file my_file.cif (mmCIF, C-alpha atoms)
data_my_file
#
loop_
_atom_site.label_atom_id
_atom_site.label_comp_id
_atom_site.auth_asym_id
_atom_site.auth_seq_id
_atom_site.Cartn_x
_atom_site.Cartn_y
_atom_site.Cartn_z
CA MET S 118 30.10 -10.03 -5.02
CA LYS S 119 27.70 -7.12 -5.28
CA ALA S 120 24.89 -6.01 -3.00
CA ALA S 121 22.17 -3.49 -3.84
CA VAL S 122 20.55 -1.42 -1.08
CA VAL S 123 17.22 -0.21 -2.47
CA THR S 124 16.39 3.23 -1.11
CA PHE S 125 12.91 4.75 -1.05
CA PRO S 126 11.88 8.25 0.00
CA GLY S 127 11.63 7.85 3.77
CA SER S 128 14.05 4.93 4.14
CA ASN S 129 16.23 5.56 7.19
CA GLY S 130 18.01 2.24 7.65
CA ASP S 131 19.70 2.39 4.26
CA TYR S 132 23.09 3.53 5.58
CA ASP S 133 23.07 0.90 8.34
CA MET S 134 22.27 -1.74 5.72
CA TYR S 135 25.00 -0.40 3.40
CA LYS S 136 27.55 -0.44 6.21
CA ALA S 137 26.61 -3.97 7.30
CA ALA S 138 26.90 -5.33 3.75
CA GLN S 139 30.21 -3.57 3.23
CA GLN S 140 31.55 -4.84 6.55
CA VAL S 141 31.20 -8.47 5.45
CA GLY S 142 32.80 -7.80 2.07
CA PHE S 143 30.04 -6.92 -0.38
CA ASP S 144 30.77 -4.35 -3.03
CA THR S 145 27.67 -2.34 -2.06
CA GLU S 146 25.68 0.27 -3.99
CA PHE S 147 22.58 2.29 -3.25
CA VAL S 148 19.84 1.87 -5.85
CA TRP S 149 17.24 4.66 -5.85
CA HIS S 150 13.63 3.52 -6.13
CA ARG S 151 13.22 5.18 -9.55
CA GLN S 152 16.25 3.42 -11.03
CA ARG S 153 15.86 0.22 -12.98
CA GLY S 154 17.95 -2.91 -13.31
CA LEU S 155 19.39 -5.26 -10.69
CA ASP S 156 21.03 -7.74 -13.09
CA SER S 157 24.57 -6.90 -11.99
CA PHE S 158 23.87 -7.63 -8.31
CA ASP S 159 24.19 -10.85 -6.32
CA VAL S 160 21.94 -9.85 -3.42
CA VAL S 161 19.22 -7.24 -2.96
CA LEU S 162 18.62 -5.57 0.41
CA LEU S 163 15.47 -3.63 1.37
CA PRO S 164 16.18 -1.37 4.35
CA GLY S 165 14.08 -0.18 7.26
CA GLY S 166 12.45 3.19 7.60
CA PHE S 167 9.16 4.85 6.81
CA SER S 168 8.94 4.74 3.03
CA TYR S 169 6.43 7.33 1.84
CA GLY S 170 5.67 8.15 5.47
CA ASP S 171 3.91 4.79 5.84
CA TYR S 172 0.94 6.43 4.09
CA LEU S 173 -1.95 4.11 3.20
CA ARG S 174 -0.18 1.11 4.80
CA ALA S 175 3.46 0.52 5.70
CA GLY S 176 5.24 -0.49 2.49
CA ALA S 177 2.14 -0.16 0.29
CA ILE S 178 3.36 2.74 -1.82
CA ALA S 179 7.02 1.62 -1.91
CA ARG S 180 5.75 -1.59 -3.41
CA MET S 181 4.56 0.40 -6.47
CA SER S 182 8.01 1.92 -7.11
CA PRO S 183 9.58 1.15 -10.50
CA ILE S 184 12.48 -0.75 -8.88
CA MET S 185 10.10 -3.22 -7.22
CA GLU S 186 9.35 -4.84 -10.57
CA ASP S 187 13.05 -5.61 -10.80
CA VAL S 188 13.17 -6.82 -7.18
CA ILE S 189 10.31 -9.23 -7.94
CA ALA S 190 12.04 -10.46 -11.12
CA PHE S 191 15.34 -10.84 -9.24
CA ALA S 192 13.60 -12.90 -6.53
CA ASN S 193 11.77 -15.02 -9.10
CA ARG S 194 15.13 -15.88 -10.69
CA GLY S 195 16.24 -17.22 -7.30
CA GLY S 196 18.33 -14.21 -6.23
CA PRO S 197 18.52 -13.63 -2.47
CA VAL S 198 16.38 -10.72 -1.25
CA LEU S 199 16.52 -9.57 2.37
CA GLY S 200 13.93 -7.12 3.73
CA LEU S 201 14.37 -5.70 7.22
CA CYS S 202 11.55 -3.97 9.10
CA ASN S 203 9.98 -1.62 6.50
CA GLY S 204 11.67 -3.88 3.92
CA PHE S 205 9.72 -6.84 5.35
CA GLN S 206 6.49 -4.82 5.16
CA THR S 207 7.26 -3.96 1.53
CA LEU S 208 7.97 -7.61 0.67
CA CYS S 209 4.58 -8.60 2.12
CA GLU S 210 2.81 -5.82 0.20
CA SER S 211 4.55 -6.91 -3.01
CA GLY S 212 3.35 -10.48 -2.61
CA LEU S 213 6.87 -11.92 -2.45
CA LEU S 214 6.04 -12.97 1.12
CA PRO S 215 2.59 -13.97 2.38
CA GLY S 216 0.65 -12.19 5.11
CA ALA S 217 0.79 -8.63 6.40
CA LEU S 218 2.24 -6.59 9.26
CA VAL S 219 -0.35 -4.66 11.23
CA ARG S 220 -0.30 -2.34 14.26
CA ASN S 221 1.47 -3.73 17.32
CA ASP S 222 -1.09 -5.19 19.72
CA VAL S 223 0.29 -3.01 22.52
CA LEU S 224 -0.49 0.07 20.37
CA ARG S 225 2.93 1.54 21.03
CA PHE S 226 5.97 1.90 18.87
CA GLN S 227 8.42 -0.68 20.17
CA GLY S 228 12.06 0.33 20.25
CA LYS S 229 14.19 -2.02 22.35
CA ASP S 230 16.38 -5.10 22.31
CA ILE S 231 14.57 -8.42 22.03
CA ARG S 232 15.60 -12.05 21.65
CA VAL S 233 14.90 -14.28 18.69
CA ARG S 234 15.59 -17.96 18.22
CA VAL S 235 17.04 -19.19 14.94
CA GLU S 236 14.55 -21.77 13.65
CA ARG S 237 16.30 -22.64 10.38
CA THR S 238 19.97 -22.72 9.50
CA ASP S 239 19.59 -23.97 5.94
CA THR S 240 18.72 -20.60 4.40
CA PRO S 241 21.04 -18.10 2.67
CA PHE S 242 20.34 -15.73 5.58
CA SER S 243 20.98 -17.97 8.58
CA SER S 244 23.55 -20.63 7.64
CA ASP S 245 26.19 -19.06 9.89
CA TYR S 246 24.06 -19.51 13.00
CA SER S 247 23.62 -22.72 14.94
CA ASP S 248 20.27 -24.45 15.41
CA SER S 249 18.10 -22.77 18.05
CA GLN S 250 20.75 -20.12 18.68
CA ILE S 251 19.32 -17.16 20.59
CA LEU S 252 20.18 -13.73 19.21
CA THR S 253 19.79 -10.33 20.83
CA LEU S 254 18.68 -7.83 18.21
CA PRO S 255 17.04 -4.40 18.30
CA ILE S 256 13.52 -3.77 17.10
CA ALA S 257 12.04 -0.39 16.18
CA HIS S 258 8.56 -0.57 14.71
CA GLY S 259 4.91 0.38 15.16
CA GLU S 260 3.53 -2.15 12.69
CA GLY S 261 5.30 -5.45 13.30
CA ASN S 262 2.38 -7.65 14.22
CA TYR S 263 2.50 -10.49 11.71
CA GLU S 264 -0.94 -11.64 10.57
CA ALA S 265 -2.16 -13.99 7.86
CA ASP S 266 -5.16 -16.21 7.29
CA ALA S 267 -5.27 -19.56 9.08
CA ALA S 268 -4.33 -21.57 5.98
CA THR S 269 -1.24 -19.42 5.35
CA LEU S 270 -0.10 -19.67 8.96
CA GLN S 271 -0.51 -23.41 8.92
CA MET S 272 1.46 -23.60 5.67
CA LEU S 273 4.30 -21.45 7.07
CA GLU S 274 4.69 -23.66 10.13
CA GLY S 275 4.15 -26.87 8.15
CA GLU S 276 6.82 -25.97 5.63
CA GLY S 277 9.20 -24.67 8.29
CA ARG S 278 9.28 -21.20 6.83
CA VAL S 279 9.57 -19.36 10.13
CA VAL S 280 13.28 -18.52 10.37
CA PHE S 281 13.26 -16.26 13.45
CA ARG S 282 10.88 -16.36 16.41
CA TYR S 283 10.63 -14.06 19.45
CA VAL S 284 11.65 -15.95 22.59
CA ASP S 285 12.48 -15.30 26.21
CA ARG S 286 15.85 -15.71 27.90
CA SER S 287 15.43 -19.47 28.08
CA GLY S 288 14.47 -19.74 24.42
CA SER S 289 10.72 -20.23 24.86
CA PRO S 290 8.30 -18.38 22.55
CA THR S 291 6.19 -16.96 25.37
CA GLU S 292 3.55 -14.26 25.15
CA GLU S 293 5.72 -11.96 27.28
CA ALA S 294 8.59 -12.34 24.83
CA ASN S 295 6.37 -11.29 21.92
CA PRO S 296 6.79 -7.52 21.48
CA ASN S 297 3.98 -6.89 18.99
CA GLY S 298 1.38 -9.67 19.05
CA SER S 299 2.70 -11.54 16.01
CA TRP S 300 1.03 -14.87 15.47
CA HIS S 301 3.18 -17.72 16.93
CA ASN S 302 5.83 -15.12 17.84
CA ILE S 303 6.89 -14.85 14.20
CA ALA S 304 9.79 -12.42 13.72
CA GLY S 305 10.96 -13.50 10.26
CA ILE S 306 9.81 -15.76 7.41
CA THR S 307 10.97 -16.94 3.99
CA ASN S 308 9.19 -17.50 0.72
CA GLU S 309 8.49 -20.99 -0.61
CA THR S 310 11.86 -21.29 -2.36
CA GLY S 311 13.80 -19.90 0.59
CA ASN S 312 15.55 -17.06 -1.27
CA VAL S 313 13.44 -14.19 0.10
CA LEU S 314 13.55 -13.36 3.81
CA GLY S 315 11.67 -10.67 5.70
CA MET S 316 12.20 -9.93 9.38
CA MET S 317 11.17 -7.14 11.76
CA PRO S 318 14.30 -7.12 13.99
CA HIS S 319 17.37 -5.20 12.84
CA PRO S 320 20.48 -7.39 12.39
CA GLU S 321 22.10 -4.49 10.50
CA ARG S 322 22.05 -2.52 13.77
CA ALA S 323 23.77 -5.33 15.67
CA MET S 324 27.08 -5.56 13.84
CA GLU S 325 29.53 -4.33 16.49
CA ARG S 326 29.97 -5.62 20.02
CA LEU S 327 31.16 -2.15 20.96
CA LEU S 328 27.66 -0.85 20.10
CA GLY S 329 25.78 -3.45 22.11
CA SER S 330 25.59 -6.63 20.06
CA ASP S 331 27.14 -8.25 17.04
CA ASP S 332 24.51 -10.99 16.86
CA GLY S 333 23.26 -9.59 13.56
CA GLN S 334 26.48 -10.30 11.70
CA GLY S 335 25.45 -13.88 10.97
CA VAL S 336 22.66 -12.75 8.62
CA PHE S 337 25.19 -10.93 6.46
CA THR S 338 28.03 -13.47 6.67
CA SER S 339 25.50 -16.16 5.72
CA LEU S 340 24.62 -14.12 2.63
CA VAL S 341 28.29 -13.89 1.68
CA ALA S 342 28.64 -17.66 2.03
CA SER S 343 25.54 -18.20 -0.12
CA VAL S 344 26.71 -16.17 -3.10
CA PRO S 345 29.10 -18.67 -4.75
CA ALA S 346 26.53 -21.42 -4.23
CA LEU S 347 23.84 -19.34 -5.90
CA SER S 348 25.90 -18.30 -8.88
CA SER S 349 27.29 -21.77 -9.63
CA MET T 298 -17.05 11.87 -20.03
CA THR T 299 -18.68 12.67 -16.70
CA ARG T 300 -16.97 13.52 -13.44
CA TYR T 301 -17.87 11.25 -10.55
CA SER T 302 -17.11 11.38 -6.87
CA LEU T 303 -16.60 8.01 -5.21
CA GLU T 304 -16.16 6.84 -1.67
CA VAL T 305 -13.93 3.89 -0.98
CA ARG T 306 -14.52 2.46 2.49
CA ILE T 307 -11.78 0.23 3.85
CA LYS T 308 -12.33 -1.76 7.01
CA PRO T 309 -10.36 -4.34 8.94
CA ARG T 310 -11.45 -7.88 8.13
CA PRO T 311 -13.70 -9.54 10.71
CA GLY T 312 -11.73 -11.47 13.29
CA LEU T 313 -8.54 -9.54 12.66
CA LEU T 314 -7.17 -7.82 15.72
CA ASP T 315 -7.83 -4.09 15.44
CA PRO T 316 -5.73 -2.47 18.19
CA GLU T 317 -6.84 1.03 17.28
CA GLY T 318 -10.52 0.06 17.55
CA LYS T 319 -9.74 -1.62 20.86
CA ALA T 320 -8.10 1.52 22.25
CA ILE T 321 -11.10 3.65 21.28
CA HIS T 322 -13.41 1.03 22.77
CA HIS T 323 -11.55 1.34 26.08
CA ALA T 324 -11.69 5.13 25.91
CA LEU T 325 -15.46 5.12 25.29
CA HIS T 326 -15.95 2.78 28.24
CA SER T 327 -13.94 4.97 30.54
CA LEU T 328 -16.01 7.98 29.42
CA GLY T 329 -19.15 6.18 30.50
CA TRP T 330 -20.41 4.55 27.34
CA GLY T 331 -20.37 1.09 28.87
CA GLU T 332 -22.92 -0.16 26.37
CA VAL T 333 -20.38 -0.04 23.52
CA GLU T 334 -19.74 -3.63 22.45
CA GLU T 335 -17.23 -3.22 19.70
CA VAL T 336 -15.36 -0.52 17.82
CA ARG T 337 -13.54 -1.09 14.55
CA VAL T 338 -11.52 1.56 12.77
CA GLY T 339 -11.37 1.75 9.00
CA LYS T 340 -10.76 4.55 6.57
CA VAL T 341 -12.55 6.36 3.79
CA ILE T 342 -10.75 7.43 0.64
CA TYR T 343 -12.51 10.00 -1.56
CA VAL T 344 -11.73 9.62 -5.24
CA ASP T 345 -12.92 12.03 -7.94
CA LEU T 346 -12.52 10.82 -11.51
CA GLU T 347 -13.82 11.09 -15.05
CA ALA T 348 -15.52 8.10 -16.64
CA HIS T 349 -17.96 7.25 -19.41
CA SER T 350 -20.51 5.88 -16.96
CA ALA T 351 -21.16 5.33 -13.28
CA GLU T 352 -20.40 1.63 -13.79
CA ALA T 353 -17.04 2.44 -15.36
CA ALA T 354 -16.22 4.81 -12.48
CA SER T 355 -17.03 2.12 -9.89
CA ALA T 356 -15.08 -0.49 -11.85
CA ALA T 357 -12.02 1.77 -11.89
CA ALA T 358 -12.21 2.36 -8.13
CA THR T 359 -12.61 -1.38 -7.52
CA ALA T 360 -9.51 -2.04 -9.61
CA MET T 361 -7.62 0.56 -7.52
CA CYS T 362 -8.67 -1.23 -4.34
CA ARG T 363 -7.41 -4.57 -5.63
CA LYS T 364 -4.12 -3.08 -6.81
CA ILE T 365 -3.17 -0.79 -3.93
CA LEU T 366 -5.89 0.86 -1.82
CA ALA T 367 -6.79 -2.23 0.23
CA ASN T 368 -4.67 -5.13 1.44
CA PRO T 369 -6.74 -8.29 0.91
CA VAL T 370 -4.96 -10.04 3.80
CA THR T 371 -6.22 -7.60 6.39
CA GLU T 372 -8.90 -5.39 4.84
CA ASP T 373 -12.26 -5.51 3.08
CA PHE T 374 -13.46 -2.67 0.88
CA GLU T 375 -16.68 -1.18 -0.50
CA VAL T 376 -16.95 1.30 -3.32
CA SER T 377 -19.90 3.63 -3.57
CA LEU T 378 -20.67 6.37 -5.99
CA SER T 379 -21.50 9.44 -3.95
CA ARG T 380 -22.44 11.82 -6.74
CA GLU T 381 -21.92 13.16 -10.19
CA LEU T 382 -19.85 16.30 -10.11
CA GLU T 383 -20.62 19.60 -11.77
CA GLY T 384 -18.59 20.68 -14.73
CA ALA T 385 -18.81 17.55 -16.83
CA GLN T 386 -16.58 17.64 -19.88
CA SER T 387 -17.32 16.10 -23.23
#
call {"tool": "encode", "arguments": {"input": "my_file.cif", "output": "structure tokens"}}
result
Amino acid sequence: MKAAVVTFPGSNGDYDMYKAAQQVGFDTEFVWHRQRGLDSFDVVLLPGGFSYGDYLRAGAIARMSPIMEDVIAFANRGGPVLGLCNGFQTLCESGLLPGALVRNDVLRFQGKDIRVRVERTDTPFSSDYSDSQILTLPIAHGEGNYEADAATLQMLEGEGRVVFRYVDRSGSPTEEANPNGSWHNIAGITNETGNVLGMMPHPERAMERLLGSDDGQGVFTSLVASVPALSS
Amino acid sequence: MTRYSLEVRIKPRPGLLDPEGKAIHHALHSLGWGEVEEVRVGKVIYVDLEAHSAEAASAAATAMCRKILANPVTEDFEVSLSRELEGAQS
């Protein structure tokens, strides 16, 4: 059961991601952006950070890294790919996920704990949660405002591809609970086949109750549970 | 081959929220320019390159926009040839 953490120049969540994957039992390796080949891995993880200093657009230059061709091929074969924060931005830039993440509507970098509601529990990333479970997870981003054209947004909602949504304490997706202006309070989405997930919150930074929250564990334990199913 | 200098102008798509433009709009209003109706912020990328013709130079810059320089979800782009550069090589 092997997990790859793809590291770009400027990634800073790579060690958190590595630790989270290891904690749930993955034999985890860092894969540098210039390396090639992901065939020996069961899951691919794209960490948070500021790859290439967010120059041009967040994730735009990381998307052109040699390893991204392999990430795209891995995803197209049905392999699970998880992108967190800058990883989500890179997945959108690569075309594996639709839409784009633009500047937060409040114009400020948002670093705080927020709540998300689990909208789908039949994905490789959320099967260990219960329906509509509310999670407390940290966010830390300047460009987390999810935007897409009207047809794409309609498709995402119609196909139930929103997996995590910003909500308030009572579980309602209110404007106040939305930290960045994302359309329909979108915090995380999947691709059409459900094997690629991008999300702005950081489950890998919510793995220990001692450090504030362990609500993020479910993302990683779900991935563990999905591996035998995917390889059979 | 001739050396060309091109300007690639990238701007947020109409209708898309442009928080940076909005912030500048507010700042202009508070400085007394109340007549300002809208501000949008884009960027200009200057590209110098060698090509066989002006058309080929523009075509190359357009291809760059489609591949990486602009994100079609959020941005529109325009390529314009600003000038031929000195020191053309054969």
call {"tool": "closest_residue", "arguments": {"input": "my_file.cif", "among": "T:Lys319, T:His326, T:Lys308, T:Arg337", "to": "Asp373 of chain T", "atoms": "all atoms listed in the file"}}
result
T:Lys308
call {"tool": "closest_residue", "arguments": {"input": "my_file.cif", "among": "T:Ala320, T:Leu313, T:Leu303, T:Val333", "to": "Ala351 of chain T", "atoms": "only C-alpha atoms"}}
result
T:Leu303
call {"tool": "atom_distance", "arguments": {"input": "my_file.cif", "atom1": "atom CA of Glu375 of chain T", "atom2": "atom CA of Thr359 of chain T"}}
result
8.1 Å
call {"tool": "residues_around", "arguments": {"input": "my_file.cif", "residues": "Gln140 of chain S", "least_positions_apart": "3", "cutoff": "9 Å", "atoms": "only C-alpha atoms", "output": "list in words"}}
result
Tyr135, Lys136, Ala137, Phe143, Met324 and Phe337 of chain S
call {"tool": "resolve_selection", "arguments": {"input": "my_file.cif", "expression": "the PyMOL selection byres ((chain T) within 12 of (chain S))", "output": "ChimeraX atom specification"}}
result
/T:307,309-321,338-342,362-372
call {"tool": "residues_near_point", "arguments": {"input": "my_file.cif", "point": "(28.8, -7.5, 1.8)", "cutoff": "8 Å", "atoms": "only C-alpha atoms", "output": "ChimeraX atom specification"}}
result
/S:118-120,137-145,337-338,340-341
call {"tool": "residues_near_point", "arguments": {"input": "my_file.cif", "point": "(17.9, -16.8, 0.7)", "cutoff": "12 Å", "atoms": "all atoms listed in the file", "output": "short mmCIF file (atom, residue, chain, number, x, y, z; two decimals) with C-alpha atoms, in the coordinates of the input"}}
result
data_model
loop_
_atom_site.label_atom_id
_atom_site.label_comp_id
_atom_site.auth_asym_id
_atom_site.auth_seq_id
_atom_site.Cartn_x
_atom_site.Cartn_y
_atom_site.Cartn_z
CA ASP S 159 24.19 -10.85 -6.32
CA VAL S 160 21.94 -9.85 -3.42
CA VAL S 161 19.22 -7.24 -2.96
CA LEU S 162 18.62 -5.57 0.41
CA PHE S 191 15.34 -10.84 -9.24
CA ALA S 192 13.60 -12.90 -6.53
CA ASN S 193 11.77 -15.02 -9.10
CA ARG S 194 15.13 -15.88 -10.69
CA GLY S 195 16.24 -17.22 -7.30
CA GLY S 196 18.33 -14.21 -6.23
CA PRO S 197 18.52 -13.63 -2.47
CA VAL S 198 16.38 -10.72 -1.25
CA LEU S 199 16.52 -9.57 2.37
CA GLY S 200 13.93 -7.12 3.73
CA ARG S 237 16.30 -22.64 10.38
CA THR S 238 19.97 -22.72 9.50
CA ASP S 239 19.59 -23.97 5.94
CA THR S 240 18.72 -20.60 4.40
CA PRO S 241 21.04 -18.10 2.67
CA PHE S 242 20.34 -15.73 5.58
CA SER S 243 20.98 -17.97 8.58
CA SER S 244 23.55 -20.63 7.64
CA ARG S 278 9.28 -21.20 6.83
CA VAL S 280 13.28 -18.52 10.37
CA ILE S 306 9.81 -15.76 7.41
CA THR S 307 10.97 -16.94 3.99
CA ASN S 308 9.19 -17.50 0.72
CA GLU S 309 8.49 -20.99 -0.61
CA THR S 310 11.86 -21.29 -2.36
CA GLY S 311 13.80 -19.90 0.59
CA ASN S 312 15.55 -17.06 -1.27
CA VAL S 313 13.44 -14.19 0.10
CA LEU S 314 13.55 -13.36 3.81
CA GLY S 315 11.67 -10.67 5.70
CA VAL S 336 22.66 -12.75 8.62
CA PHE S 337 25.19 -10.93 6.46
CA SER S 339 25.50 -16.16 5.72
CA LEU S 340 24.62 -14.12 2.63
CA VAL S 341 28.29 -13.89 1.68
CA ALA S 342 28.64 -17.66 2.03
CA SER S 343 25.54 -18.20 -0.12
CA VAL S 344 26.71 -16.17 -3.10
CA ALA S 346 26.53 -21.42 -4.23
CA LEU S 347 23.84 -19.34 -5.90
#
call {"tool": "decode", "arguments": {"input": "my_file.cif", "residues": "segment 278-293 of chain S", "atoms": "N, CA and C atoms", "output": "PDB file, in the first residue's frame"}}
result
ATOM      1  N   ARG S 278     -21.056  16.266  -7.343  1.00  0.00           N
ATOM      2  CA  ARG S 278     -19.594  16.182  -7.258  1.00  0.00           C
ATOM      3  C   ARG S 278     -18.974  17.112  -6.219  1.00  0.00           C
ATOM      4  N   VAL S 279     -19.823  17.814  -5.481  1.00  0.00           N
ATOM      5  CA  VAL S 279     -19.313  18.603  -4.359  1.00  0.00           C
ATOM      6  C   VAL S 279     -19.226  17.659  -3.160  1.00  0.00           C
ATOM      7  N   VAL S 280     -18.025  17.443  -2.655  1.00  0.00           N
ATOM      8  CA  VAL S 280     -17.826  16.482  -1.558  1.00  0.00           C
ATOM      9  C   VAL S 280     -17.777  17.190  -0.208  1.00  0.00           C
ATOM     10  N   PHE S 281     -17.221  18.406  -0.181  1.00  0.00           N
ATOM     11  CA  PHE S 281     -17.151  19.185   1.052  1.00  0.00           C
ATOM     12  C   PHE S 281     -17.653  20.601   0.779  1.00  0.00           C
ATOM     13  N   ARG S 282     -18.465  21.106   1.751  1.00  0.00           N
ATOM     14  CA  ARG S 282     -19.035  22.444   1.589  1.00  0.00           C
ATOM     15  C   ARG S 282     -18.892  23.213   2.906  1.00  0.00           C
ATOM     16  N   TYR S 283     -18.500  24.498   2.818  1.00  0.00           N
ATOM     17  CA  TYR S 283     -18.366  25.315   4.022  1.00  0.00           C
ATOM     18  C   TYR S 283     -19.736  25.545   4.652  1.00  0.00           C
ATOM     19  N   VAL S 284     -19.838  25.271   5.949  1.00  0.00           N
ATOM     20  CA  VAL S 284     -21.114  25.455   6.649  1.00  0.00           C
ATOM     21  C   VAL S 284     -20.884  26.136   7.995  1.00  0.00           C
ATOM     22  N   ASP S 285     -21.985  26.556   8.598  1.00  0.00           N
ATOM     23  CA  ASP S 285     -21.883  27.124   9.942  1.00  0.00           C
ATOM     24  C   ASP S 285     -22.054  26.010  10.979  1.00  0.00           C
ATOM     25  N   ARG S 286     -22.104  26.423  12.234  1.00  0.00           N
ATOM     26  CA  ARG S 286     -22.179  25.472  13.339  1.00  0.00           C
ATOM     27  C   ARG S 286     -23.365  24.501  13.201  1.00  0.00           C
ATOM     28  N   SER S 287     -24.465  25.022  12.629  1.00  0.00           N
ATOM     29  CA  SER S 287     -25.655  24.179  12.538  1.00  0.00           C
ATOM     30  C   SER S 287     -25.669  23.356  11.244  1.00  0.00           C
ATOM     31  N   GLY S 288     -24.646  23.537  10.425  1.00  0.00           N
ATOM     32  CA  GLY S 288     -24.564  22.748   9.200  1.00  0.00           C
ATOM     33  C   GLY S 288     -25.175  23.406   7.975  1.00  0.00           C
ATOM     34  N   SER S 289     -25.464  24.714   8.071  1.00  0.00           N
ATOM     35  CA  SER S 289     -26.042  25.418   6.925  1.00  0.00           C
ATOM     36  C   SER S 289     -24.957  26.138   6.129  1.00  0.00           C
ATOM     37  N   PRO S 290     -25.009  26.037   4.804  1.00  0.00           N
ATOM     38  CA  PRO S 290     -24.003  26.709   3.965  1.00  0.00           C
ATOM     39  C   PRO S 290     -24.303  28.189   3.797  1.00  0.00           C
ATOM     40  N   THR S 291     -24.110  28.942   4.861  1.00  0.00           N
ATOM     41  CA  THR S 291     -24.437  30.373   4.844  1.00  0.00           C
ATOM     42  C   THR S 291     -23.282  31.186   4.247  1.00  0.00           C
ATOM     43  N   GLU S 292     -23.603  32.447   3.931  1.00  0.00           N
ATOM     44  CA  GLU S 292     -22.581  33.344   3.392  1.00  0.00           C
ATOM     45  C   GLU S 292     -21.498  33.610   4.448  1.00  0.00           C
ATOM     46  N   GLU S 293     -21.926  33.710   5.701  1.00  0.00           N
ATOM     47  CA  GLU S 293     -20.966  33.998   6.780  1.00  0.00           C
ATOM     48  C   GLU S 293     -19.986  32.841   6.972  1.00  0.00           C
TER      49      GLU S 293
END
